[in-house]
file coords_1.cif (mmCIF, C-alpha atoms)
data_coords
loop_
_atom_site.label_atom_id
_atom_site.label_comp_id
_atom_site.auth_asym_id
_atom_site.auth_seq_id
_atom_site.Cartn_x
_atom_site.Cartn_y
_atom_site.Cartn_z
CA MET L 1 -18.65 -27.01 16.51
CA ASN L 2 -16.93 -30.08 17.96
CA LEU L 3 -13.48 -28.66 18.72
CA LYS L 4 -10.36 -30.81 18.81
CA ASN L 5 -6.80 -30.04 19.85
CA LEU L 6 -4.69 -29.09 16.83
CA LYS L 7 -1.14 -30.27 16.18
CA VAL L 8 0.85 -27.54 14.44
CA LEU L 9 4.35 -27.97 12.98
CA LEU L 10 6.28 -24.67 12.95
CA VAL L 11 9.31 -24.63 10.65
CA ALA L 12 12.42 -22.45 11.04
CA GLY L 13 15.62 -22.80 9.11
CA ALA L 14 17.51 -19.52 8.74
CA ARG L 15 18.12 -16.32 10.70
CA PRO L 16 15.11 -14.31 9.42
CA ASN L 17 12.82 -17.26 10.24
CA PHE L 18 13.61 -17.09 13.94
CA MET L 19 12.24 -13.54 14.26
CA LYS L 20 9.04 -14.67 12.54
CA ILE L 21 8.58 -17.87 14.52
CA THR L 22 9.06 -16.14 17.90
CA PRO L 23 5.80 -14.12 17.89
CA LEU L 24 3.84 -17.06 16.43
CA ILE L 25 4.85 -19.23 19.39
CA GLN L 26 3.83 -16.47 21.79
CA ALA L 27 0.52 -16.03 19.95
CA ILE L 28 -0.19 -19.77 20.20
CA ASN L 29 0.53 -19.66 23.94
CA ASN L 30 -1.78 -16.65 24.34
CA TYR L 31 -4.50 -18.35 22.30
CA ASN L 32 -4.36 -21.42 24.55
CA LYS L 33 -4.47 -19.27 27.68
CA ARG L 34 -7.60 -17.55 26.43
CA LEU L 35 -9.25 -20.90 25.87
CA GLY L 36 -8.36 -22.07 29.35
CA THR L 37 -7.67 -25.60 30.55
CA ARG L 38 -11.33 -26.63 30.59
CA HIS L 39 -11.90 -26.14 26.87
CA LYS L 40 -10.84 -28.15 23.81
CA GLY L 41 -9.39 -26.64 20.65
CA HIS L 42 -5.90 -25.89 21.94
CA MET L 43 -3.02 -25.60 19.49
CA ASP L 44 -0.10 -27.88 20.37
CA TYR L 45 2.97 -26.83 18.41
CA ILE L 46 6.08 -28.76 17.47
CA LEU L 47 9.05 -26.56 16.58
CA VAL L 48 11.23 -27.93 13.79
CA HIS L 49 14.65 -26.38 13.11
CA THR L 50 15.99 -27.62 9.79
CA GLY L 51 19.56 -26.51 10.51
CA GLN L 52 19.84 -24.57 7.24
CA HIS L 53 21.85 -21.97 9.18
CA TYR L 54 24.10 -24.03 11.38
CA ASP L 55 26.71 -21.47 12.49
CA TYR L 56 26.24 -20.61 16.19
CA GLU L 57 26.03 -16.84 15.73
CA MET L 58 23.66 -17.30 12.79
CA SER L 59 21.33 -19.68 14.60
CA LYS L 60 21.53 -20.80 18.22
CA VAL L 61 22.21 -17.35 19.63
CA PHE L 62 18.92 -16.12 18.17
CA PHE L 63 17.04 -18.78 20.13
CA GLU L 64 18.72 -17.49 23.29
CA ASN L 65 18.15 -13.80 22.52
CA LEU L 66 14.49 -14.24 21.62
CA GLU L 67 13.77 -16.78 24.35
CA ILE L 68 12.55 -19.32 21.82
CA PRO L 69 12.14 -22.80 23.32
CA GLU L 70 14.71 -25.37 22.28
CA PRO L 71 13.56 -26.95 19.00
CA ASP L 72 11.59 -30.15 19.45
CA ILE L 73 13.20 -31.49 16.29
CA TYR L 74 16.54 -30.50 14.79
CA LEU L 75 17.16 -31.84 11.28
CA GLY L 76 20.76 -30.63 10.99
CA VAL L 77 20.83 -30.47 7.19
CA GLY L 78 23.72 -27.98 7.03
CA SER L 79 25.07 -26.31 3.92
CA GLY L 80 24.98 -27.26 0.25
CA ASN L 81 23.84 -25.89 -3.07
CA HIS L 82 20.16 -25.10 -3.50
CA GLY L 83 19.13 -28.45 -4.94
CA GLU L 84 21.15 -30.46 -2.47
CA GLN L 85 19.96 -28.50 0.55
CA THR L 86 16.31 -28.51 -0.52
CA GLY L 87 16.45 -32.24 -1.16
CA LYS L 88 18.02 -32.99 2.24
CA ILE L 89 15.35 -30.98 4.01
CA MET L 90 12.53 -32.73 2.15
CA ILE L 91 13.89 -36.18 2.99
CA GLU L 92 14.33 -35.42 6.69
CA PHE L 93 11.11 -33.44 7.05
CA GLU L 94 9.01 -36.13 5.38
CA ARG L 95 10.10 -38.55 8.12
CA VAL L 96 8.84 -36.06 10.71
CA LEU L 97 5.49 -35.77 8.94
CA PHE L 98 5.02 -39.54 8.80
CA ARG L 99 5.79 -39.85 12.49
CA ASP L 100 3.97 -36.84 13.97
CA LYS L 101 0.99 -36.50 11.59
CA PRO L 102 0.32 -32.77 12.13
CA ASP L 103 -2.95 -31.03 11.32
CA ILE L 104 -1.05 -28.23 9.60
CA VAL L 105 2.49 -27.14 8.71
CA VAL L 106 3.36 -23.45 9.12
CA VAL L 107 6.29 -22.14 7.08
CA VAL L 108 7.64 -18.60 7.11
CA GLY L 109 9.60 -16.43 4.70
CA ASP L 110 11.33 -17.53 1.52
CA VAL L 111 14.37 -19.69 2.31
CA ASN L 112 15.01 -23.22 1.06
CA SER L 113 13.48 -24.67 4.24
CA THR L 114 10.23 -22.84 3.43
CA VAL L 115 9.66 -24.38 0.02
CA ALA L 116 11.10 -27.81 0.92
CA CYS L 117 8.84 -28.31 3.94
CA ALA L 118 5.78 -26.97 2.11
CA LEU L 119 6.34 -29.39 -0.76
CA ALA L 120 6.88 -32.37 1.53
CA ALA L 121 3.67 -31.57 3.43
CA VAL L 122 1.48 -31.04 0.36
CA LYS L 123 2.54 -34.37 -1.16
CA LEU L 124 1.22 -36.02 2.01
CA HIS L 125 -2.02 -34.00 1.83
CA ILE L 126 -1.19 -31.98 4.94
CA PRO L 127 -2.41 -28.35 4.80
CA VAL L 128 0.24 -25.63 4.62
CA ALA L 129 0.10 -22.06 5.93
CA HIS L 130 2.62 -19.58 4.51
CA VAL L 131 3.41 -16.59 6.72
CA GLU L 132 4.79 -13.66 4.69
CA ALA L 133 3.11 -14.78 1.48
CA GLY L 134 2.77 -12.76 -1.71
CA LEU L 135 6.02 -10.78 -1.65
CA ARG L 136 7.50 -10.42 -5.14
CA SER L 137 10.68 -8.84 -6.48
CA PHE L 138 9.71 -9.94 -10.04
CA ASN L 139 13.31 -11.08 -10.47
CA ARG L 140 13.48 -14.84 -10.97
CA ALA L 141 17.26 -14.75 -10.86
CA MET L 142 16.83 -14.52 -7.07
CA PRO L 143 16.50 -18.01 -5.54
CA GLU L 144 14.18 -16.56 -2.91
CA GLU L 145 11.74 -15.43 -5.60
CA ILE L 146 11.34 -19.00 -6.84
CA ASN L 147 10.86 -20.20 -3.27
CA ARG L 148 8.17 -17.57 -2.69
CA ILE L 149 6.22 -18.35 -5.85
CA VAL L 150 6.28 -22.13 -5.37
CA THR L 151 5.38 -21.95 -1.68
CA ASP L 152 2.42 -19.68 -2.38
CA VAL L 153 1.08 -21.99 -5.08
CA LEU L 154 1.30 -24.93 -2.66
CA SER L 155 -0.20 -23.22 0.39
CA ASP L 156 -3.77 -23.49 1.68
CA TYR L 157 -3.57 -20.38 3.84
CA LEU L 158 -1.58 -17.32 2.78
CA PHE L 159 -0.87 -14.66 5.40
CA THR L 160 0.35 -11.37 3.95
CA ASN L 161 1.96 -8.29 5.45
CA CYS L 162 0.82 -5.63 2.95
CA LYS L 163 -1.91 -4.99 0.37
CA GLU L 164 0.60 -5.25 -2.48
CA ALA L 165 1.19 -8.88 -1.51
CA ASN L 166 -2.55 -9.56 -1.69
CA GLU L 167 -2.67 -8.00 -5.15
CA ASN L 168 0.27 -10.13 -6.34
CA LEU L 169 -1.44 -13.34 -5.24
CA VAL L 170 -4.76 -12.47 -6.85
CA LYS L 171 -3.00 -11.63 -10.14
CA GLU L 172 -1.37 -15.08 -10.01
CA GLY L 173 -4.78 -16.73 -9.78
CA ILE L 174 -4.85 -17.60 -6.09
CA SER L 175 -8.31 -17.50 -4.56
CA GLU L 176 -8.99 -14.52 -2.33
CA GLU L 177 -10.57 -16.92 0.17
CA LYS L 178 -7.08 -18.25 0.95
CA ILE L 179 -5.49 -14.81 1.47
CA PHE L 180 -5.41 -12.95 4.79
CA LEU L 181 -3.83 -9.53 5.33
CA VAL L 182 -2.57 -9.67 8.92
CA GLY L 183 0.54 -7.48 9.02
CA ASP L 184 4.22 -8.25 9.54
CA VAL L 185 5.06 -10.85 12.21
CA MET L 186 8.72 -9.84 12.18
CA ILE L 187 7.71 -6.34 13.23
CA ASP L 188 5.93 -7.99 16.18
CA THR L 189 9.35 -9.22 17.32
CA LEU L 190 11.02 -5.88 16.67
CA LEU L 191 8.48 -4.01 18.78
CA ALA L 192 8.41 -6.66 21.53
CA TYR L 193 12.21 -6.65 22.00
CA LYS L 194 12.95 -3.01 21.28
CA GLU L 195 13.33 -1.99 24.93
CA LYS L 196 15.48 -5.02 25.71
CA ALA L 197 17.71 -4.21 22.72
CA LYS L 198 18.24 -0.70 24.05
CA ARG L 199 20.02 -2.25 27.04
CA SER L 200 22.70 -3.84 24.84
CA ASN L 201 26.21 -2.49 25.46
CA ILE L 202 27.33 -2.99 21.84
CA LEU L 203 27.84 0.77 21.32
CA GLU L 204 30.27 0.91 24.25
CA ARG L 205 32.05 -2.23 23.10
CA LEU L 206 32.58 -0.71 19.68
CA HIS L 207 33.61 2.67 21.13
CA VAL L 208 30.72 4.36 19.31
CA SER L 209 29.37 6.01 22.47
CA SER L 210 31.35 7.98 25.02
CA ASN L 211 31.30 7.74 28.81
CA SER L 212 28.83 10.61 28.83
CA GLY L 213 26.47 8.61 26.60
CA LYS L 214 27.00 10.71 23.46
CA ILE L 215 26.69 8.54 20.33
CA MET L 216 28.74 9.36 17.26
CA ASP L 217 27.17 9.24 13.81
CA TYR L 218 27.77 5.98 11.97
CA CYS L 219 26.37 3.87 9.15
CA LEU L 220 25.52 0.20 9.67
CA LEU L 221 26.36 -2.08 6.74
CA THR L 222 25.25 -5.62 5.89
CA LEU L 223 26.34 -7.34 2.71
CA HIS L 224 25.91 -11.01 1.91
CA ARG L 225 23.77 -11.57 -1.21
CA PRO L 226 25.47 -13.79 -3.84
CA SER L 227 24.66 -11.31 -6.62
CA ASN L 228 26.77 -8.73 -4.74
CA VAL L 229 29.63 -10.68 -3.21
CA ASP L 230 30.12 -13.66 -5.55
CA ASN L 231 31.03 -11.48 -8.56
CA GLU L 232 34.37 -9.77 -8.09
CA LYS L 233 33.60 -6.83 -10.41
CA THR L 234 30.27 -6.11 -8.71
CA PHE L 235 31.81 -6.47 -5.26
CA LEU L 236 34.54 -3.97 -6.17
CA GLU L 237 31.99 -1.42 -7.44
CA ILE L 238 30.24 -1.56 -4.09
CA LEU L 239 33.53 -1.39 -2.17
CA LYS L 240 34.55 1.76 -4.07
CA ALA L 241 31.38 3.46 -2.89
CA LEU L 242 31.88 2.23 0.67
CA ARG L 243 35.42 3.58 0.75
CA LYS L 244 34.20 7.02 -0.36
CA ILE L 245 31.35 7.06 2.17
CA SER L 246 33.69 5.96 4.97
CA GLU L 247 35.65 9.19 4.45
CA GLN L 248 32.58 11.08 5.71
CA ILE L 249 31.08 8.72 8.28
CA PRO L 250 32.29 5.50 9.99
CA LEU L 251 30.81 2.26 8.65
CA ILE L 252 30.23 -0.63 11.05
CA PHE L 253 30.18 -3.91 9.14
CA PRO L 254 29.19 -7.24 10.77
CA VAL L 255 30.86 -9.50 8.22
CA HIS L 256 28.69 -12.39 7.07
CA PRO L 257 30.64 -15.69 6.77
CA ARG L 258 29.85 -15.82 3.03
CA THR L 259 31.20 -12.31 2.50
CA LYS L 260 34.36 -13.00 4.47
CA LYS L 261 34.92 -16.10 2.37
CA GLN L 262 34.58 -14.11 -0.87
CA ILE L 263 36.91 -11.34 0.34
CA GLU L 264 39.54 -14.00 0.90
CA ALA L 265 38.75 -15.87 -2.33
CA PHE L 266 39.16 -12.70 -4.43
CA GLY L 267 42.29 -11.68 -2.55
CA LEU L 268 40.72 -8.40 -1.46
CA GLN L 269 42.43 -8.29 1.91
CA GLY L 270 44.88 -5.75 0.47
CA PHE L 271 41.96 -3.52 -0.41
CA PHE L 272 41.47 -2.97 3.31
CA LYS L 273 43.74 -1.36 5.84
CA ASN L 274 44.23 -2.64 9.34
CA ASN L 275 42.72 -0.92 12.33
CA PRO L 276 43.64 -2.43 15.68
CA CYS L 277 40.57 -1.09 17.51
CA LEU L 278 38.17 -3.76 16.36
CA THR L 279 38.64 -7.43 15.65
CA PRO L 280 38.67 -9.96 14.13
CA TYR L 281 38.28 -8.49 10.66
CA PRO L 282 39.41 -4.84 10.62
CA LEU L 283 38.78 -3.08 7.32
CA LEU L 284 39.26 0.50 6.13
CA PRO L 285 40.27 3.16 8.66
CA LYS L 286 36.63 4.17 9.07
CA MET L 287 34.97 0.94 7.95
CA TYR L 288 35.05 -1.46 10.87
CA GLY L 289 34.54 -5.16 10.32
CA ILE L 290 33.23 -7.24 13.21
CA ASP L 291 31.87 -10.73 13.79
CA PRO L 292 28.18 -11.40 13.02
CA LEU L 293 25.99 -10.08 15.83
CA ASN L 294 23.15 -11.52 17.83
CA TYR L 295 19.67 -10.10 17.32
CA LEU L 296 19.63 -7.69 20.27
CA ASP L 297 23.08 -6.22 19.57
CA PHE L 298 22.26 -5.79 15.90
CA MET L 299 18.91 -4.15 16.66
CA ASN L 300 20.65 -1.74 19.02
CA LEU L 301 23.13 -0.76 16.31
CA MET L 302 20.26 -0.37 13.86
CA MET L 303 18.23 1.89 16.19
CA TYR L 304 21.06 4.39 16.67
CA ALA L 305 22.52 4.40 13.15
CA LYS L 306 22.46 7.52 10.99
CA PHE L 307 21.48 5.24 8.13
CA ILE L 308 21.84 1.65 6.96
CA LEU L 309 23.33 0.11 3.83
CA THR L 310 22.09 -3.41 3.19
CA ASP L 311 21.16 -6.08 0.67
CA SER L 312 18.88 -7.84 3.16
CA GLY L 313 15.12 -8.08 2.74
CA SER L 314 14.00 -7.93 6.36
CA ILE L 315 16.15 -4.93 7.25
CA GLN L 316 14.21 -2.84 4.73
CA GLU L 317 11.10 -3.43 6.85
CA GLU L 318 12.78 -2.96 10.22
CA THR L 319 14.33 0.37 9.20
CA THR L 320 10.95 1.59 7.99
CA VAL L 321 9.39 0.92 11.40
CA LEU L 322 12.38 2.43 13.21
CA ASN L 323 12.30 5.44 10.84
CA ILE L 324 15.96 4.99 9.88
CA PRO L 325 16.98 5.80 6.27
CA CYS L 326 17.93 2.66 4.36
CA LEU L 327 19.90 2.28 1.13
CA THR L 328 19.36 -1.16 -0.40
CA LEU L 329 22.14 -2.60 -2.56
CA ARG L 330 19.72 -4.28 -4.98
CA ASP L 331 17.92 -3.33 -8.19
CA THR L 332 14.57 -4.79 -7.11
CA THR L 333 12.75 -5.37 -3.85
CA GLU L 334 9.93 -7.69 -2.82
CA ARG L 335 8.98 -5.06 -0.24
CA PRO L 336 7.88 -2.06 -2.37
CA ASN L 337 5.91 -0.46 0.46
CA THR L 338 9.23 0.25 2.20
CA ILE L 339 9.97 2.55 -0.75
CA THR L 340 6.53 4.12 -1.26
CA ASN L 341 5.69 4.47 2.44
CA GLY L 342 8.98 3.76 4.17
CA THR L 343 12.57 4.91 4.44
CA ASN L 344 14.04 2.68 1.73
CA THR L 345 15.86 3.65 -1.49
CA LEU L 346 17.25 1.20 -4.05
CA VAL L 347 20.85 1.97 -5.09
CA TRP L 348 21.91 -1.44 -6.50
CA ASN L 349 25.67 -1.71 -7.12
CA ASP L 350 25.86 1.71 -8.80
CA THR L 351 28.93 3.34 -7.24
CA GLU L 352 27.86 6.91 -7.94
CA LYS L 353 24.26 6.43 -6.85
CA ILE L 354 25.32 4.79 -3.57
CA ILE L 355 27.62 7.74 -2.84
CA GLU L 356 25.01 10.31 -3.92
CA GLU L 357 22.17 8.90 -1.80
CA ALA L 358 24.44 8.45 1.22
CA ALA L 359 25.55 12.09 0.92
CA LYS L 360 21.91 13.23 1.04
CA ILE L 361 21.32 11.31 4.25
CA ILE L 362 24.50 12.60 5.88
CA ILE L 363 23.30 16.20 5.42
CA GLY L 364 19.84 15.37 6.78
CA GLN L 365 17.87 14.69 3.58
CA GLY L 366 17.06 11.01 4.19
CA LYS L 367 13.58 9.60 3.64
CA ARG L 368 11.09 9.38 6.50
CA ARG L 369 8.19 7.01 6.73
CA ARG L 370 4.51 6.34 7.10
CA CYS L 371 4.15 3.01 8.87
CA PRO L 372 2.21 0.45 6.77
CA GLN L 373 -1.18 -0.85 7.86
CA TYR L 374 -1.17 -3.58 10.53
CA TRP L 375 2.55 -3.18 11.34
CA ASP L 376 1.44 -2.73 14.92
CA GLY L 377 2.88 -5.71 16.81
CA LYS L 378 -0.29 -7.81 16.58
CA ALA L 379 0.16 -9.62 13.25
CA SER L 380 0.97 -12.97 14.87
CA GLU L 381 -2.15 -12.81 17.07
CA ARG L 382 -4.31 -12.21 14.01
CA THR L 383 -2.56 -15.05 12.16
CA ILE L 384 -3.09 -17.66 14.88
CA ASP L 385 -6.71 -16.63 15.54
CA ILE L 386 -7.57 -16.99 11.85
CA LEU L 387 -5.65 -20.24 11.49
CA ALA L 388 -7.28 -21.87 14.50
CA GLN L 389 -10.73 -20.97 13.25
CA LYS L 390 -10.12 -22.08 9.66
CA ILE L 391 -8.61 -25.46 10.56
CA GLN L 392 -11.51 -26.28 12.90
CA ILE L 393 -14.03 -25.37 10.19
CA GLN L 394 -12.25 -27.49 7.57
CA ASP L 395 -12.09 -30.39 10.00
#
call {"tool": "encode", "arguments": {"input": "coords_1.cif", "output": "structure tokens"}}
result
Amino acid sequence: MNLKNLKVLLVAGARPNFMKITPLIQAINNYNKRLGTRHKGHMDYILVHTGQHYDYEMSKVFFENLEIPEPDIYLGVGSGNHGEQTGKIMIEFERVLFRDKPDIVVVVGDVNSTVACALAAVKLHIPVAHVEAGLRSFNRAMPEEINRIVTDVLSDYLFTNCKEANENLVKEGISEEKIFLVGDVMIDTLLAYKEKAKRSNILERLHVSSNSGKIMDYCLLTLHRPSNVDNEKTFLEILKALRKISEQIPLIFPVHPRTKKQIEAFGLQGFFKNNPCLTPYPLLPKMYGIDPLNYLDFMNLMMYAKFILTDSGSIQEETTVLNIPCLTLRDTTERPNTITNGTNTLVWNDTEKIIEEAAKIIIGQGKRRRCPQYWDGKASERTIDILAQKIQIQD
């Protein structure tokens, strides 16, 4: 085979993307090292940050934590509704494609940047690889579900993290020749940075651990999904459960900017009581609101939590690998193996169910896991090896 150097465009736009891009960059570097300087066929990557998450704590700090190189291209699209944001990304990304003429575009996850960049590339007949393909919640009211479906239809190479994802794609008529079960690249990052995260002093800063190193029991909470925080009635149902749980165990709550905005919009500040220990957003006496955290601090809090309450997708996977019980504030999940094999339980916004499942965990009856196949820290290596081979063959 007459090998050529390959130009790869890696796209990141939002917080979960950064944890998926990190191991792919490292895998590309390792692939090139194995080839050596005397051989052709290297992969030269260009990192594109769309700027979908533009807040410092939600974006730049993750590049610093994970030692990701500064983006080669920053589109700076900022906020906006789904149509507006997707359109801005397509316009700006198309200019990049015309100028740089990549051999392939690699998109990750299910955010607006994912579908926008995939669509722009396909219209210019540039192959697309989708990392984390095939996940389905079967709830089209979720914007991410539409992004996932459309991106998978457009993609030439679909890299999945579980057998259920493969089955979803085949049922939708996608050729098995395009589908590759490689594992979860985000777990690569989790495992690679686990020891570094242990050195975070976040527990001391939050007064969760004593001078002797003893760590008190606590629950870690994340809450940001529009279906939970944009509807006042739904938000209140969840808050009732949280108030009850906080009577039994402290809740530590990094407050997402969207959630903080909705608390203020609904006038819910009076629902919370002040606690001077933690700032800037103190909540109930045993529910502590703090600023959004960087990746390493958050992972540290996750590793030592009694359990986690969340409406995130990625946290369901991370808690499964860490063997931490997880209660997910949603009625569906695109990650069903975290329920069947992992530590995850769906509780939606059902006040009584949230309280009931939390009570089980507090007395030691939380779910424990069997780690899914290929969640071993090598998913990104498998992805890049397959991709390099397939592009050369197609060429």
call {"tool": "resolve_selection", "arguments": {"input": "coords_1.cif", "expression": "the PyMOL selection byres ((chain L and resi 74) around 10)", "output": "PDB file with C-alpha atoms, keeping the file's coordinate frame"}}
result
ATOM      1  CA  ALA L  12      12.420 -22.450  11.040  1.00  0.00           C
ATOM      2  CA  GLY L  13      15.620 -22.800   9.110  1.00  0.00           C
ATOM      3  CA  LEU L  47       9.050 -26.560  16.580  1.00  0.00           C
ATOM      4  CA  VAL L  48      11.230 -27.930  13.790  1.00  0.00           C
ATOM      5  CA  HIS L  49      14.650 -26.380  13.110  1.00  0.00           C
ATOM      6  CA  THR L  50      15.990 -27.620   9.790  1.00  0.00           C
ATOM      7  CA  GLY L  51      19.560 -26.510  10.510  1.00  0.00           C
ATOM      8  CA  GLU L  70      14.710 -25.370  22.280  1.00  0.00           C
ATOM      9  CA  PRO L  71      13.560 -26.950  19.000  1.00  0.00           C
ATOM     10  CA  ASP L  72      11.590 -30.150  19.450  1.00  0.00           C
ATOM     11  CA  ILE L  73      13.200 -31.490  16.290  1.00  0.00           C
ATOM     12  CA  LEU L  75      17.160 -31.840  11.280  1.00  0.00           C
ATOM     13  CA  GLY L  76      20.760 -30.630  10.990  1.00  0.00           C
ATOM     14  CA  VAL L  77      20.830 -30.470   7.190  1.00  0.00           C
ATOM     15  CA  GLU L  92      14.330 -35.420   6.690  1.00  0.00           C
ATOM     16  CA  PHE L  93      11.110 -33.440   7.050  1.00  0.00           C
TER      17      PHE L  93
END
call {"tool": "resolve_selection", "arguments": {"input": "coords_1.cif", "expression": "the PyMOL selection byres ((chain L and resi 27) around 10)", "output": "list in words"}}
result
Ile21, Thr22, Pro23, Leu24, Ile25, Gln26, Ile28, Asn29, Asn30, Tyr31, Asn32, Lys33, Lys378, Ala379, Ser380, Glu381, Arg382, Thr383, Ile384 and Asp385 of chain L
call {"tool": "resolve_selection", "arguments": {"input": "coords_1.cif", "expression": "the PyMOL selection byres ((chain L and resi 127-140) around 7)", "output": "PyMOL selection string"}}
result
chain L and resi 104-109+118+121-122+125-126+141-143+145-146+152+155-161+165-166+168-169+332-335
call {"tool": "atom_distance", "arguments": {"input": "coords_1.cif", "atom1": "atom CA of L:Pro257", "atom2": "atom CA of L:Leu221"}}
result
14.3 Å
call {"tool": "axis_aligned_box", "arguments": {"input": "coords_1.cif", "around": "stretch 68-79 of chain L", "padding_each_side": "3 Å", "output": "AutoDock Vina command-line options"}}
result
--center_x 18.3 --center_y -25.6 --center_z 13.6 --size_x 19.5 --size_y 18.5 --size_z 25.4
call {"tool": "closest_residue", "arguments": {"input": "coords_1.cif", "among": "L:Leu3, L:Ile68, L:Leu242, L:Leu97", "to": "L:Glu352", "atoms": "only C-alpha atoms"}}
result
L:Leu242
call {"tool": "atom_distance", "arguments": {"input": "coords_1.cif", "atom1": "atom CA of L:Val229", "atom2": "atom CA of L:Met216"}}
result
28.7 Å
call {"tool": "closest_residue", "arguments": {"input": "coords_1.cif", "among": "L:Ser175, L:Thr338, L:Gln52, L:Thr222", "to": "L:Pro292", "atoms": "all atoms listed in the file"}}
result
L:Thr222
call {"tool": "closest_residue", "arguments": {"input": "coords_1.cif", "among": "L:Asn81, L:Asn211, L:Asn300, L:Leu293", "to": "L:Val61", "atoms": "only C-alpha atoms"}}
result
L:Leu293
call {"tool": "atom_distance", "arguments": {"input": "coords_1.cif", "atom1": "atom CA of L:Tyr288", "atom2": "atom CA of L:Tyr218"}}
result
10.5 Å
call {"tool": "residues_near_point", "arguments": {"input": "coords_1.cif", "point": "(13.5, 7.7, 8.2)", "cutoff": "8 Å", "atoms": "only C-alpha atoms", "output": "number ranges by chain"}}
result
L: 319-320, 322-326, 342-343, 366-369
call {"tool": "write_last_selection", "arguments": {"input": "coords_1.cif", "atoms": "C-alpha atoms", "output": "compact mmCIF listing (two decimals), keeping the file's coordinate frame"}}
result
# COMPACT_ATOMS: atom_id res chain seq x y z
CA THR L 319 14.33 0.37 9.20
CA THR L 320 10.95 1.59 7.99
CA LEU L 322 12.38 2.43 13.21
CA ASN L 323 12.30 5.44 10.84
CA ILE L 324 15.96 4.99 9.88
CA PRO L 325 16.98 5.80 6.27
CA CYS L 326 17.93 2.66 4.36
CA GLY L 342 8.98 3.76 4.17
CA THR L 343 12.57 4.91 4.44
CA GLY L 366 17.06 11.01 4.19
CA LYS L 367 13.58 9.60 3.64
CA ARG L 368 11.09 9.38 6.50
CA ARG L 369 8.19 7.01 6.73
call {"tool": "closest_residue", "arguments": {"input": "coords_1.cif", "among": "L:Leu220, L:Leu124, L:Ile386, L:Ile187", "to": "L:Met19", "atoms": "only C-alpha atoms"}}
result
L:Ile187
call {"tool": "closest_residue", "arguments": {"input": "coords_1.cif", "among": "L:Ile202, L:Leu268, L:Ile91, L:Leu223", "to": "L:Gly313", "atoms": "all atoms listed in the file"}}
result
L:Leu223
call {"tool": "closest_residue", "arguments": {"input": "coords_1.cif", "among": "L:Gln248, L:Thr340, L:Asn349, L:Gln269", "to": "L:Phe235", "atoms": "all atoms listed in the file"}}
result
L:Asn349
call {"tool": "closest_atom_pairs", "arguments": {"input": "coords_1.cif", "of": "stretch 188-262 of chain L", "to": "stretch 14-18 of chain L", "cutoff": "12 Å", "atoms": "all atoms listed in the file", "output": "JSON lines"}}
result
{"residue": "L:Thr189", "atom": "CA", "partner": "L:Phe18", "partner_atom": "CA", "distance": 9.6}
{"residue": "L:Leu190", "atom": "CA", "partner": "L:Phe18", "partner_atom": "CA", "distance": 11.8}
{"residue": "L:His256", "atom": "CA", "partner": "L:Arg15", "partner_atom": "CA", "distance": 11.8}
